[in-house]
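Just upload-v8.txt here, compact mmCIF, C-alpha atoms and all ligand atoms:
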# COMPACT_ATOMS: atom_id res chain seq x y z
CA MET X 1 99.27 146.77 115.56
CA PRO X 2 101.22 145.73 112.44
CA ASN X 3 99.23 144.36 109.50
CA PRO X 4 98.20 140.80 110.50
CA PHE X 5 97.60 139.57 106.94
CA THR X 6 101.23 138.64 106.21
CA LEU X 7 100.28 135.10 105.09
CA GLY X 8 97.98 136.41 102.38
CA VAL X 9 94.49 135.35 101.36
CA ALA X 10 93.09 132.34 99.56
CA SER X 11 89.88 130.82 98.27
CA GLY X 12 88.93 127.30 97.39
CA GLU X 13 86.51 124.41 97.00
CA PRO X 14 84.39 126.16 94.34
CA LEU X 15 80.75 125.13 93.89
CA PRO X 16 78.24 126.70 91.46
CA ASP X 17 76.89 128.91 94.25
CA GLY X 18 79.81 129.44 96.58
CA VAL X 19 83.43 129.23 97.67
CA ILE X 20 85.47 129.14 100.85
CA LEU X 21 87.46 132.27 101.69
CA TRP X 22 90.59 131.92 103.80
CA THR X 23 93.08 134.00 105.69
CA ARG X 24 95.17 133.57 108.81
CA LEU X 25 96.13 136.44 111.08
CA THR X 26 99.62 136.63 112.52
CA GLY X 27 100.99 138.44 115.56
CA LEU X 28 97.88 137.97 117.71
CA SER X 29 97.36 136.03 120.92
CA ARG X 30 93.67 136.72 121.62
CA PRO X 31 90.60 135.95 119.50
CA ALA X 32 89.88 138.64 116.92
CA ASP X 33 86.96 139.69 114.73
CA VAL X 34 87.67 139.67 111.02
CA ARG X 35 85.37 141.46 108.61
CA TRP X 36 85.11 139.96 105.12
CA GLN X 37 83.70 141.31 101.88
CA VAL X 38 82.86 139.79 98.49
CA ALA X 39 82.48 142.14 95.54
CA GLU X 40 81.73 141.89 91.84
CA ASP X 41 84.62 144.19 90.99
CA ASP X 42 88.24 144.42 92.09
CA ARG X 43 87.73 147.97 93.41
CA PHE X 44 84.98 146.75 95.78
CA ALA X 45 82.45 149.27 94.48
CA LYS X 46 79.79 146.54 94.28
CA VAL X 47 80.02 144.57 97.52
CA ILE X 48 77.40 141.82 97.39
CA ARG X 49 78.18 139.81 100.55
CA GLN X 50 79.86 140.68 103.84
CA GLY X 51 80.11 139.50 107.40
CA VAL X 52 82.29 138.95 110.44
CA ALA X 53 84.26 135.82 111.29
CA ARG X 54 86.06 135.07 114.53
CA ALA X 55 89.76 134.15 114.39
CA GLN X 56 90.56 131.81 117.29
CA PRO X 57 93.98 131.00 118.76
CA ALA X 58 93.00 127.29 118.86
CA TRP X 59 92.94 127.35 115.05
CA ALA X 60 96.03 129.55 114.69
CA HIS X 61 93.79 132.57 113.96
CA SER X 62 92.79 131.03 110.64
CA VAL X 63 89.46 132.06 109.13
CA HIS X 64 87.37 129.88 106.80
CA VAL X 65 84.31 131.72 105.49
CA LYS X 66 81.68 129.72 103.64
CA VAL X 67 80.17 132.11 101.08
CA GLU X 68 76.87 131.03 99.52
CA GLY X 69 74.30 132.46 97.13
CA LEU X 70 76.80 133.43 94.42
CA ARG X 71 76.20 133.19 90.67
CA ALA X 72 77.68 130.24 88.78
CA ALA X 73 80.81 130.57 86.61
CA THR X 74 81.43 134.11 87.83
CA ASP X 75 84.52 135.99 89.00
CA TYR X 76 84.38 137.59 92.47
CA PHE X 77 86.83 139.58 94.56
CA TYR X 78 87.28 139.36 98.32
CA ARG X 79 89.24 140.90 101.18
CA PHE X 80 89.41 140.99 104.95
CA ARG X 81 89.78 143.71 107.57
CA SER X 82 90.77 143.47 111.21
CA GLY X 83 91.97 145.99 113.78
CA GLY X 84 91.89 148.73 111.18
CA GLU X 85 94.18 146.79 108.84
CA LEU X 86 93.18 145.63 105.36
CA SER X 87 94.25 142.39 103.67
CA PRO X 88 95.34 142.11 100.06
CA ALA X 89 92.42 141.38 97.72
CA GLY X 90 91.90 137.99 96.11
CA ARG X 91 90.10 136.92 92.97
CA THR X 92 87.99 133.77 92.99
CA ARG X 93 85.54 132.08 90.67
CA THR X 94 82.52 129.86 91.17
CA ALA X 95 82.03 126.59 89.27
CA PRO X 96 79.51 126.51 86.44
CA GLY X 97 76.02 125.11 86.99
CA PRO X 98 75.18 121.41 86.60
CA THR X 99 74.12 121.58 82.93
CA SER X 100 76.87 123.92 81.73
CA THR X 101 78.99 122.96 78.71
CA GLN X 102 81.44 125.80 79.30
CA PRO X 103 85.12 124.74 79.08
CA VAL X 104 87.13 124.77 82.32
CA ARG X 105 90.63 126.23 82.46
CA PHE X 106 92.74 124.76 85.22
CA ALA X 107 96.32 124.65 86.48
CA ALA X 108 97.98 121.94 88.57
CA ALA X 109 101.04 122.37 90.80
CA ASN X 110 102.96 120.13 93.19
CA CYS X 111 106.22 119.59 95.07
CA GLN X 112 107.50 122.94 96.28
CA ARG X 113 110.42 122.32 98.59
CA PHE X 114 111.24 125.79 99.86
CA GLU X 115 115.02 125.35 100.21
CA HIS X 116 115.30 123.96 96.68
CA GLY X 117 114.19 127.02 94.80
CA TRP X 118 112.17 130.14 94.15
CA TYR X 119 108.49 129.91 93.31
CA THR X 120 108.79 131.73 89.98
CA ALA X 121 106.52 129.15 88.36
CA TYR X 122 103.74 130.22 90.73
CA ARG X 123 104.02 133.84 89.56
CA HIS X 124 103.41 132.67 86.00
CA LEU X 125 100.59 130.37 87.11
CA ALA X 126 98.95 133.32 88.88
CA ASP X 127 99.22 135.42 85.72
CA GLU X 128 97.15 132.81 83.84
CA ARG X 129 94.21 133.34 86.25
CA PRO X 130 92.79 129.85 85.72
CA ASP X 131 89.25 128.94 86.77
CA VAL X 132 90.68 126.58 89.39
CA VAL X 133 94.08 125.43 90.68
CA PHE X 134 94.73 121.88 91.81
CA HIS X 135 97.58 121.15 94.18
CA LEU X 136 98.81 117.58 93.85
CA GLY X 137 100.72 117.25 97.10
CA ASP X 138 104.01 118.00 98.84
CA TYR X 139 102.85 121.51 99.63
CA ILE X 140 105.42 121.53 102.43
CA TYR X 141 108.31 119.21 103.26
CA GLU X 142 108.74 118.18 106.88
CA TYR X 143 112.54 117.76 106.75
CA ALA X 144 115.00 119.63 108.93
CA ARG X 145 116.72 122.60 107.33
CA PRO X 146 119.59 121.35 105.14
CA ALA X 147 123.12 122.72 105.42
CA HIS X 148 122.91 124.15 101.91
CA GLY X 149 119.91 125.49 100.10
CA VAL X 150 118.76 128.20 97.74
CA ARG X 151 117.04 129.77 100.77
CA ARG X 152 116.52 129.15 104.46
CA VAL X 153 113.36 127.46 105.68
CA ASP X 154 111.94 127.78 109.19
CA PRO X 155 111.90 126.13 111.63
CA ALA X 156 115.35 124.50 111.59
CA ASP X 157 114.20 121.15 112.97
CA GLU X 158 112.09 118.47 111.30
CA THR X 159 108.44 119.33 111.88
CA THR X 160 106.66 116.95 114.26
CA THR X 161 104.48 119.21 116.44
CA LEU X 162 101.56 121.57 115.78
CA ALA X 163 103.82 124.55 116.46
CA GLY X 164 106.45 123.15 114.09
CA TYR X 165 104.04 122.49 111.21
CA ARG X 166 102.41 125.91 111.67
CA ALA X 167 105.78 127.62 111.50
CA ARG X 168 106.71 125.60 108.39
CA TYR X 169 103.52 126.66 106.55
CA ALA X 170 104.14 130.27 107.58
CA SER X 171 107.69 130.02 106.22
CA TYR X 172 106.43 128.73 102.86
CA ARG X 173 103.75 131.45 102.69
CA SER X 174 106.40 134.12 103.21
CA ASP X 175 106.95 133.71 99.46
CA PRO X 176 105.02 136.40 97.52
CA ASP X 177 104.69 134.26 94.38
CA LEU X 178 102.95 131.49 96.34
CA ARG X 179 100.66 134.07 97.92
CA ALA X 180 99.92 135.47 94.45
CA ALA X 181 98.91 132.02 93.19
CA HIS X 182 96.47 131.64 96.08
CA ALA X 183 95.06 135.11 95.51
CA ALA X 184 94.60 134.52 91.76
CA ALA X 185 92.13 131.61 91.73
CA PRO X 186 90.28 129.12 93.92
CA TRP X 187 92.30 126.04 94.89
CA VAL X 188 91.37 122.40 95.35
CA PRO X 189 94.35 120.80 97.09
CA VAL X 190 95.17 117.18 97.84
CA TRP X 191 98.02 116.07 100.05
CA ASP X 192 100.79 113.52 99.65
CA ASP X 193 103.23 112.25 102.29
CA HIS X 194 105.46 115.24 103.09
CA GLU X 195 102.60 117.24 104.59
CA VAL X 196 103.10 114.76 107.47
CA MET X 197 106.18 112.52 107.07
CA ASP X 198 108.14 110.90 104.24
CA ASN X 199 106.34 107.82 102.84
CA TYR X 200 103.89 107.42 105.73
CA HIS X 201 100.92 105.11 105.24
CA GLY X 202 97.61 105.45 107.07
CA ARG X 203 98.11 105.24 110.82
CA GLY X 204 101.85 104.66 110.46
CA ASP X 205 103.20 102.36 113.15
CA GLY X 206 99.95 102.83 115.09
CA SER X 207 101.72 104.46 118.02
CA ASP X 208 100.19 107.36 119.94
CA ARG X 209 103.31 109.29 119.07
CA PHE X 210 102.73 108.96 115.32
CA LEU X 211 98.99 109.57 115.55
CA ARG X 212 99.59 112.75 117.55
CA ARG X 213 102.06 113.88 114.91
CA ARG X 214 99.64 113.10 112.09
CA ALA X 215 96.79 114.93 113.85
CA ALA X 216 99.03 117.98 114.33
CA ALA X 217 100.03 117.92 110.66
CA TYR X 218 96.42 117.57 109.48
CA GLN X 219 95.33 120.44 111.72
CA ALA X 220 98.08 122.72 110.42
CA TYR X 221 97.17 121.74 106.85
CA TYR X 222 93.55 122.74 107.49
CA GLU X 223 94.63 125.97 109.16
CA HIS X 224 96.50 127.01 106.00
CA MET X 225 94.14 125.83 103.26
CA PRO X 226 90.71 127.08 102.11
CA LEU X 227 88.97 123.78 102.93
CA ARG X 228 85.25 123.17 103.53
CA VAL X 229 85.69 120.68 106.39
CA ARG X 230 87.59 120.73 109.67
CA PRO X 231 89.72 117.94 111.08
CA ARG X 232 87.88 115.66 113.51
CA ASP X 233 89.18 112.94 115.84
CA GLY X 234 92.65 113.19 114.32
CA GLY X 235 91.38 112.70 110.74
CA LEU X 236 90.40 115.05 107.90
CA GLN X 237 87.93 114.26 105.12
CA MET X 238 89.90 114.99 101.96
CA TYR X 239 88.49 112.85 99.17
CA ARG X 240 85.74 114.68 97.34
CA ARG X 241 84.61 115.69 93.89
CA ARG X 242 84.39 119.14 92.34
CA THR X 243 82.15 119.06 89.29
CA TYR X 244 82.27 121.57 86.43
CA GLY X 245 78.97 121.31 84.58
CA VAL X 246 78.75 118.32 82.27
CA ILE X 247 82.40 118.85 81.28
CA ALA X 248 84.60 117.61 84.11
CA ASP X 249 84.27 115.69 87.32
CA PHE X 250 87.46 116.39 89.28
CA MET X 251 87.83 113.63 91.85
CA ALA X 252 90.32 114.64 94.49
CA LEU X 253 91.84 111.56 96.13
CA ASP X 254 93.50 110.88 99.46
CA VAL X 255 96.31 108.36 98.90
CA ARG X 256 97.72 108.58 102.45
CA GLN X 257 95.15 108.66 105.26
CA PHE X 258 93.48 105.30 104.49
CA ARG X 259 96.43 103.53 102.94
CA GLY X 260 97.27 100.03 104.10
CA PRO X 261 99.37 97.07 102.97
CA ALA X 262 96.82 96.07 100.30
CA THR X 263 95.09 99.36 99.54
CA MET X 264 95.97 102.85 98.33
CA LEU X 265 92.56 104.36 99.08
CA GLY X 266 90.83 102.20 101.68
CA ALA X 267 87.55 100.37 101.02
CA GLU X 268 85.19 103.33 101.53
CA GLN X 269 87.05 105.72 99.26
CA GLU X 270 87.43 103.05 96.58
CA ALA X 271 83.69 102.29 96.64
CA TRP X 272 82.88 106.00 96.39
CA LEU X 273 85.31 106.45 93.49
CA VAL X 274 84.26 103.35 91.52
CA ALA X 275 80.59 104.29 91.84
CA ARG X 276 81.22 107.83 90.63
CA LEU X 277 83.55 106.74 87.81
CA ALA X 278 80.91 104.37 86.51
CA ALA X 279 77.90 106.68 86.90
CA THR X 280 79.08 110.24 86.30
CA PRO X 281 77.32 111.84 83.35
CA VAL X 282 80.16 114.28 82.60
CA ARG X 283 82.56 114.23 79.65
CA TRP X 284 85.83 113.92 81.62
CA ARG X 285 86.58 111.85 84.71
CA VAL X 286 89.65 113.46 86.19
CA LEU X 287 91.59 111.93 89.07
CA VAL X 288 93.35 114.67 91.03
CA GLN X 289 95.99 112.86 93.08
CA PRO X 290 99.75 112.75 93.71
CA LEU X 291 101.10 109.39 92.59
CA PHE X 292 102.26 108.04 89.22
CA PHE X 293 99.25 106.04 88.04
CA THR X 294 100.19 104.01 84.99
CA ARG X 295 102.77 101.25 85.06
CA ARG X 296 106.33 102.55 84.94
CA PHE X 297 109.01 99.93 84.43
CA VAL X 298 112.43 101.28 85.36
CA PRO X 299 115.17 99.29 83.57
CA GLY X 300 118.17 98.17 85.57
CA PRO X 301 118.57 96.36 88.85
CA ALA X 302 115.41 95.31 90.72
CA PRO X 303 113.05 96.57 91.98
CA ASN X 304 111.89 97.78 88.58
CA LEU X 305 108.50 98.98 89.77
CA ARG X 306 108.05 101.70 92.38
CA LYS X 307 105.86 100.22 95.10
CA GLU X 308 105.20 103.66 96.62
CA SER X 309 103.27 104.61 93.45
CA TRP X 310 100.21 102.87 91.97
CA ASP X 311 102.54 100.08 90.80
CA GLY X 312 102.36 98.99 94.43
CA GLN X 313 98.57 98.51 94.18
CA PRO X 314 97.94 97.03 90.70
CA GLU X 315 94.75 95.19 91.76
CA GLN X 316 93.12 98.34 93.06
CA ARG X 317 94.23 100.22 89.96
CA ALA X 318 92.67 97.51 87.78
CA ARG X 319 89.37 97.81 89.67
CA LEU X 320 89.29 101.57 88.99
CA LEU X 321 90.06 101.03 85.30
CA ALA X 322 87.29 98.44 85.07
CA ALA X 323 84.82 101.21 85.95
CA VAL X 324 85.65 103.33 82.87
CA SER X 325 85.73 102.67 79.14
CA GLN X 326 87.22 106.02 78.03
CA ASN X 327 87.53 109.72 78.95
CA LEU X 328 89.66 109.10 82.03
CA VAL X 329 92.34 111.69 82.83
CA VAL X 330 94.77 111.32 85.72
CA LEU X 331 96.74 114.27 87.05
CA SER X 332 99.76 113.30 89.16
CA GLY X 333 102.97 114.62 90.64
CA ASP X 334 105.48 113.24 93.16
CA VAL X 335 108.35 112.23 90.85
CA HIS X 336 109.75 115.76 90.25
CA ASN X 337 109.89 115.33 86.50
CA ALA X 338 107.17 115.78 83.88
CA TRP X 339 105.62 112.81 82.09
CA ALA X 340 102.66 112.13 79.83
CA GLY X 341 101.23 108.86 78.63
CA ASP X 342 98.28 106.76 77.64
CA ILE X 343 96.33 104.77 80.21
CA VAL X 344 96.08 101.24 78.84
CA THR X 345 94.21 98.38 80.52
CA SER X 346 95.69 94.89 80.86
CA ALA X 347 93.35 93.89 78.00
CA GLY X 348 95.08 96.48 75.80
CA ALA X 349 92.31 99.11 75.68
CA THR X 350 93.36 102.77 75.84
CA VAL X 351 90.91 104.38 78.26
CA GLY X 352 92.53 107.72 78.97
CA ALA X 353 95.61 109.81 79.58
CA GLU X 354 97.93 110.63 82.45
CA PHE X 355 99.70 113.97 82.89
CA VAL X 356 102.41 114.11 85.54
CA GLY X 357 103.43 117.56 86.71
CA SER X 358 107.12 118.09 87.43
CA ALA X 359 107.64 120.27 90.52
CA ILE X 360 107.36 123.93 91.37
CA SER X 361 110.81 123.88 92.99
CA SER X 362 111.76 120.43 94.35
CA ASN X 363 114.95 118.96 92.91
CA PRO X 364 114.55 116.06 90.46
CA PRO X 365 116.05 112.66 91.25
CA VAL X 366 118.83 111.33 89.08
CA THR X 367 116.72 109.53 86.54
CA ASP X 368 117.07 108.08 83.10
CA GLY X 369 114.01 109.57 81.49
CA PRO X 370 114.76 108.44 77.91
CA GLY X 371 115.58 104.91 79.13
CA VAL X 372 112.29 104.69 81.02
CA LEU X 373 110.41 106.09 78.01
CA ALA X 374 111.93 103.40 75.77
CA ALA X 375 110.94 100.65 78.22
CA ASN X 376 107.29 101.81 78.47
CA PRO X 377 105.62 102.29 75.08
CA HIS X 378 102.49 103.83 76.66
CA LEU X 379 104.62 106.66 78.13
CA ARG X 380 105.09 109.33 75.49
CA TYR X 381 106.83 112.29 77.08
CA PHE X 382 109.50 113.09 79.63
CA ASP X 383 110.91 116.47 80.62
CA ALA X 384 113.15 117.61 83.48
CA HIS X 385 112.23 121.31 83.84
CA ARG X 386 110.56 122.73 86.98
CA GLY X 387 107.01 123.87 86.23
CA TYR X 388 103.30 123.17 86.31
CA LEU X 389 100.40 121.97 84.17
CA SER X 390 98.02 124.33 82.41
CA GLY X 391 94.95 122.71 80.89
CA THR X 392 91.52 123.11 79.36
CA ALA X 393 88.71 120.57 79.47
CA SER X 394 85.93 121.09 76.94
CA ALA X 395 83.15 119.13 75.29
CA THR X 396 85.45 118.32 72.36
CA ASP X 397 88.83 117.59 73.95
CA PHE X 398 91.14 117.78 76.94
CA ARG X 399 94.35 119.77 76.47
CA VAL X 400 97.35 120.01 78.75
CA ALA X 401 100.37 122.27 78.32
CA PHE X 402 103.54 121.53 80.26
CA ARG X 403 104.71 124.95 81.43
CA GLY X 404 108.34 125.22 82.51
CA VAL X 405 111.05 127.55 83.78
CA ASP X 406 114.77 127.19 83.06
CA HIS X 407 115.96 127.86 86.61
CA VAL X 408 114.71 128.14 90.19
CA ASP X 409 118.02 128.78 91.97
CA ARG X 410 117.59 132.47 91.19
CA ARG X 411 114.54 134.58 90.55
CA GLY X 412 113.00 135.91 87.40
CA ALA X 413 112.94 132.95 85.00
CA PRO X 414 110.46 133.40 82.17
CA VAL X 415 107.95 130.62 81.50
CA ARG X 416 107.31 128.77 78.28
CA THR X 417 105.27 125.86 77.00
CA LEU X 418 107.58 122.85 76.79
CA ALA X 419 105.01 120.60 75.14
CA GLU X 420 101.26 120.42 74.67
CA PHE X 421 99.06 117.36 74.35
CA VAL X 422 95.43 116.77 73.48
CA THR X 423 93.13 113.80 73.95
CA GLU X 424 89.61 113.15 72.72
CA GLY X 425 89.10 110.44 75.32
CA GLY X 426 91.51 107.68 74.34
CA GLY X 427 95.23 108.25 73.84
CA ILE X 428 97.18 111.50 73.70
CA ARG X 429 98.49 113.42 70.70
CA ARG X 430 101.20 116.07 70.79
CA VAL X 431 100.01 119.33 69.27
CA ASP X 432 102.79 121.86 69.83
CA VAL X 433 105.08 120.64 67.03
FE FE U 501 107.71 115.89 96.21

Would you put the structure from the file into structure tokens?
Amino acid sequence: MPNPFTLGVASGEPLPDGVILWTRLTGLSRPADVRWQVAEDDRFAKVIRQGVARAQPAWAHSVHVKVEGLRAATDYFYRFRSGGELSPAGRTRTAPGPTSTQPVRFAAANCQRFEHGWYTAYRHLADERPDVVFHLGDYIYEYARPAHGVRRVDPADETTTLAGYRARYASYRSDPDLRAAHAAAPWVPVWDDHEVMDNYHGRGDGSDRFLRRRAAAYQAYYEHMPLRVRPRDGGLQMYRRRTYGVIADFMALDVRQFRGPATMLGAEQEAWLVARLAATPVRWRVLVQPLFFTRRFVPGPAPNLRKESWDGQPEQRARLLAAVSQNLVVLSGDVHNAWAGDIVTSAGATVGAEFVGSAISSNPPVTDGPGVLAANPHLRYFDAHRGYLSGTASATDFRVAFRGVDHVDRRGAPVRTLAEFVTEGGGIRRVDV
């Protein structure tokens, strides 16, 4: 039997006492037993937890192991074994305990269209070994293979079926830099539209055809991510918080599944979020989500506001902002360029900061960044490199570095910090110059 661990290993959803371990076996048709181990050291001399999981064909031979009883804010190493074959080892890390004031080092990535470029940025992200990695959506793109691309994605057709989505995820995970990023740190991913279909909202057109497609896409997403919960009845519970001591409450949002004509989040998710925003005792309230949050007026012919972003739901955005007075941070993606700005209420109060990650590989649109900057005084930074966010939240401040590479059409680009910003809870200040 060839080594079945070709898609790599991953961990995610860190809590103070545990994480989820993930792998998916390839080349099998029958159920298989998979042994797993967690150790304190990367040579597995001190194995402190182990067990056996069952990889089932119905779940594409994916394995999601819930490990409990770990120490808080601690590095662990894990691996799998099946049929005499060993997986690569991964490094993970638990969250700190509820009263911890320890800073949290995080990275955020998004938008990784396979045909558009190499995942060099992920290699650099992996080298940073952050405490946690957030993925802000567009992990895959559902489109058919284009005539021209930096590399060839599988399958050739647009993905609409469970088999198609599974093959698309497997194609993306054939990239060793993406596998390295998963093996380097625990992930907390959120999805945007392309994990299912371009610009879909909620239940789409309501047809059985669309709902079957969405259920297939959600199942394949689960099968390839280290998530705590399984899909059920065609849905998947994605909004959740991951809390790091009294320093940061990372609130991962679902801007697709419950979206409707007058809501980005749906009533239940909004109520959950508003309650937590108002009541959380932690220093930083961090929204982990895909879409440009602050107002972005694009000069030129109408429409000047992008209705697909939060500018399409200004009332709901205002209700979220009414729940905070400061210390709000929003992490976003989607637009394939990097932005940073202040979050200002309609009453003129600066309550936080938004950091928009560019893209790991997806091509940027033709956009007039400087023109948009000039038309929006609260927006303070624009950059067109591919890259990711690298940040630290602490009791004193919240820092974000925009990390970028000069090219993705060939391998090997070095990474550098393009700009770095800091906030103490109101507006942002550039600190790299
Ligand atoms: Fe994207």

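With distances restricted to all atoms listed in the file, X:Asp334 is the closest residue to ligand FE 501 (chain U) from X:Asp334, X:Asp254, X:Asp41, X:Asp157.
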
Give me the residues within 6 Å of Gly18 (chain X) as a short mmCIF file (atom, residue, chain, number, x, y, z; two decimals) with C-alpha atoms, in the coordinates of the input, counting all atoms listed in the file and dropping any in the same chain fewer than 4 places off.
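Full text of out_29.cif as output:
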data_model
loop_
_atom_site.label_atom_id
_atom_site.label_comp_id
_atom_site.auth_asym_id
_atom_site.auth_seq_id
_atom_site.Cartn_x
_atom_site.Cartn_y
_atom_site.Cartn_z
CA VAL X 67 80.17 132.11 101.08
CA GLU X 68 76.87 131.03 99.52
CA LEU X 70 76.80 133.43 94.42
#

Per-residue nearest contacts of chain X to ligand FE 501 (chain U) (8 Å; all atoms listed in the file) as a tab-separated table:
residue	atom	partner	partner_atom	distance
X:Asn110	CA	U:FE501	FE	7.0
X:Cys111	CA	U:FE501	FE	4.1
X:Gln112	CA	U:FE501	FE	7.1
X:Arg113	CA	U:FE501	FE	7.4
X:Gly137	CA	U:FE501	FE	7.2
X:Asp138	CA	U:FE501	FE	5.0
X:Tyr141	CA	U:FE501	FE	7.8
X:His194	CA	U:FE501	FE	7.3
X:Gly333	CA	U:FE501	FE	7.4
X:Asp334	CA	U:FE501	FE	4.6
X:Val335	CA	U:FE501	FE	6.5
X:His336	CA	U:FE501	FE	6.3
X:Ala359	CA	U:FE501	FE	7.2
X:Ser362	CA	U:FE501	FE	6.4

X:Arg430, X:Arg256, X:Arg283, X:His135: which is nearest Leu331 (chain X), counting all atoms listed in the file? X:His135

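Residues of protein, DNA or RNA having at least one counted atom within 9 Å of (96.0, 103.8, 78.9), given only C-alpha atoms, are Thr294, Leu328, Gly341, Asp342, Ile343, Val344, Thr345, Gly348, Ala349, Thr350, Val351, Gly352, Ala353, Glu354, His378, Gly426 and Gly427 of chain X.
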
X:Gly69, X:Pro31, X:Pro146, X:Pro303: which is nearest Arg49 (chain X), counting all atoms listed in the file? X:Gly69

Distance CA of Val324 (chain X)-CA of Pro130 (chain X), one decimal place? 27.6 Å

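If you measure from each of X:Ala121, X:Leu15, X:Ile140, X:Ala55 to Trp187 (chain X) using all atoms listed in the file, the closest one turns out to be X:Leu15.
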
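CA of Arg242 (chain X) lies 20.5 Å from CA of Glu128 (chain X).
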
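Take the candidates X:Val431, X:Val255, X:Ala95, X:Ala181 and check each one against Thr74 (chain X) using only C-alpha atoms; the shortest distance goes to X:Ala95.
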
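The shortest atom-to-atom distance to Ala395 (chain X), with all atoms listed in the file taken into account, belongs to X:Asn327 out of X:Ser207, X:Asn337, X:Asn327, X:Asn3.
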
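The interatomic distance for the pair CA of Thr6 (chain X) and CA of Arg81 (chain X) works out to 12.6 Å.
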
8 Å contact set for Phe398 (chain X), all atoms listed in the file, chain neighbours under 3 positions out, as a VMD selection string: chain X and resid 391 to 394 422 to 425

Taking N, CA and C atoms as the atom set, what does region 230-244 of chain X look like once completed, written as a compact mmCIF listing (two decimals), keeping the file's coordinate frame?
# COMPACT_ATOMS: atom_id res chain seq x y z
N ARG X 230 86.57 120.67 108.63
CA ARG X 230 87.59 120.73 109.67
C ARG X 230 88.07 119.34 110.03
N PRO X 231 89.28 119.24 110.57
CA PRO X 231 89.72 117.94 111.08
C PRO X 231 88.86 117.51 112.28
N ARG X 232 88.70 116.21 112.41
CA ARG X 232 87.88 115.66 113.51
C ARG X 232 88.50 114.35 113.97
N ASP X 233 88.65 114.18 115.27
CA ASP X 233 89.18 112.94 115.84
C ASP X 233 90.50 112.52 115.18
N GLY X 234 91.34 113.49 114.89
CA GLY X 234 92.65 113.19 114.32
C GLY X 234 92.65 112.90 112.83
N GLY X 235 91.46 112.94 112.19
CA GLY X 235 91.38 112.70 110.74
C GLY X 235 90.87 113.94 110.03
N LEU X 236 90.94 113.94 108.70
CA LEU X 236 90.40 115.05 107.90
C LEU X 236 89.85 114.48 106.60
N GLN X 237 88.58 114.76 106.33
CA GLN X 237 87.93 114.26 105.12
C GLN X 237 88.48 115.00 103.90
N MET X 238 89.26 114.32 103.09
CA MET X 238 89.90 114.99 101.96
C MET X 238 89.40 114.51 100.61
N TYR X 239 88.93 113.25 100.51
CA TYR X 239 88.49 112.85 99.17
C TYR X 239 87.10 113.42 98.89
N ARG X 240 86.94 113.92 97.68
CA ARG X 240 85.74 114.68 97.34
C ARG X 240 85.75 114.90 95.84
N ARG X 241 84.60 115.33 95.30
CA ARG X 241 84.61 115.69 93.89
C ARG X 241 84.22 117.15 93.73
N ARG X 242 84.77 117.78 92.71
CA ARG X 242 84.39 119.14 92.34
C ARG X 242 83.99 119.06 90.88
N THR X 243 82.70 119.31 90.61
CA THR X 243 82.15 119.06 89.29
C THR X 243 81.96 120.37 88.55
N TYR X 244 82.41 120.39 87.29
CA TYR X 244 82.27 121.57 86.43
C TYR X 244 81.29 121.24 85.32
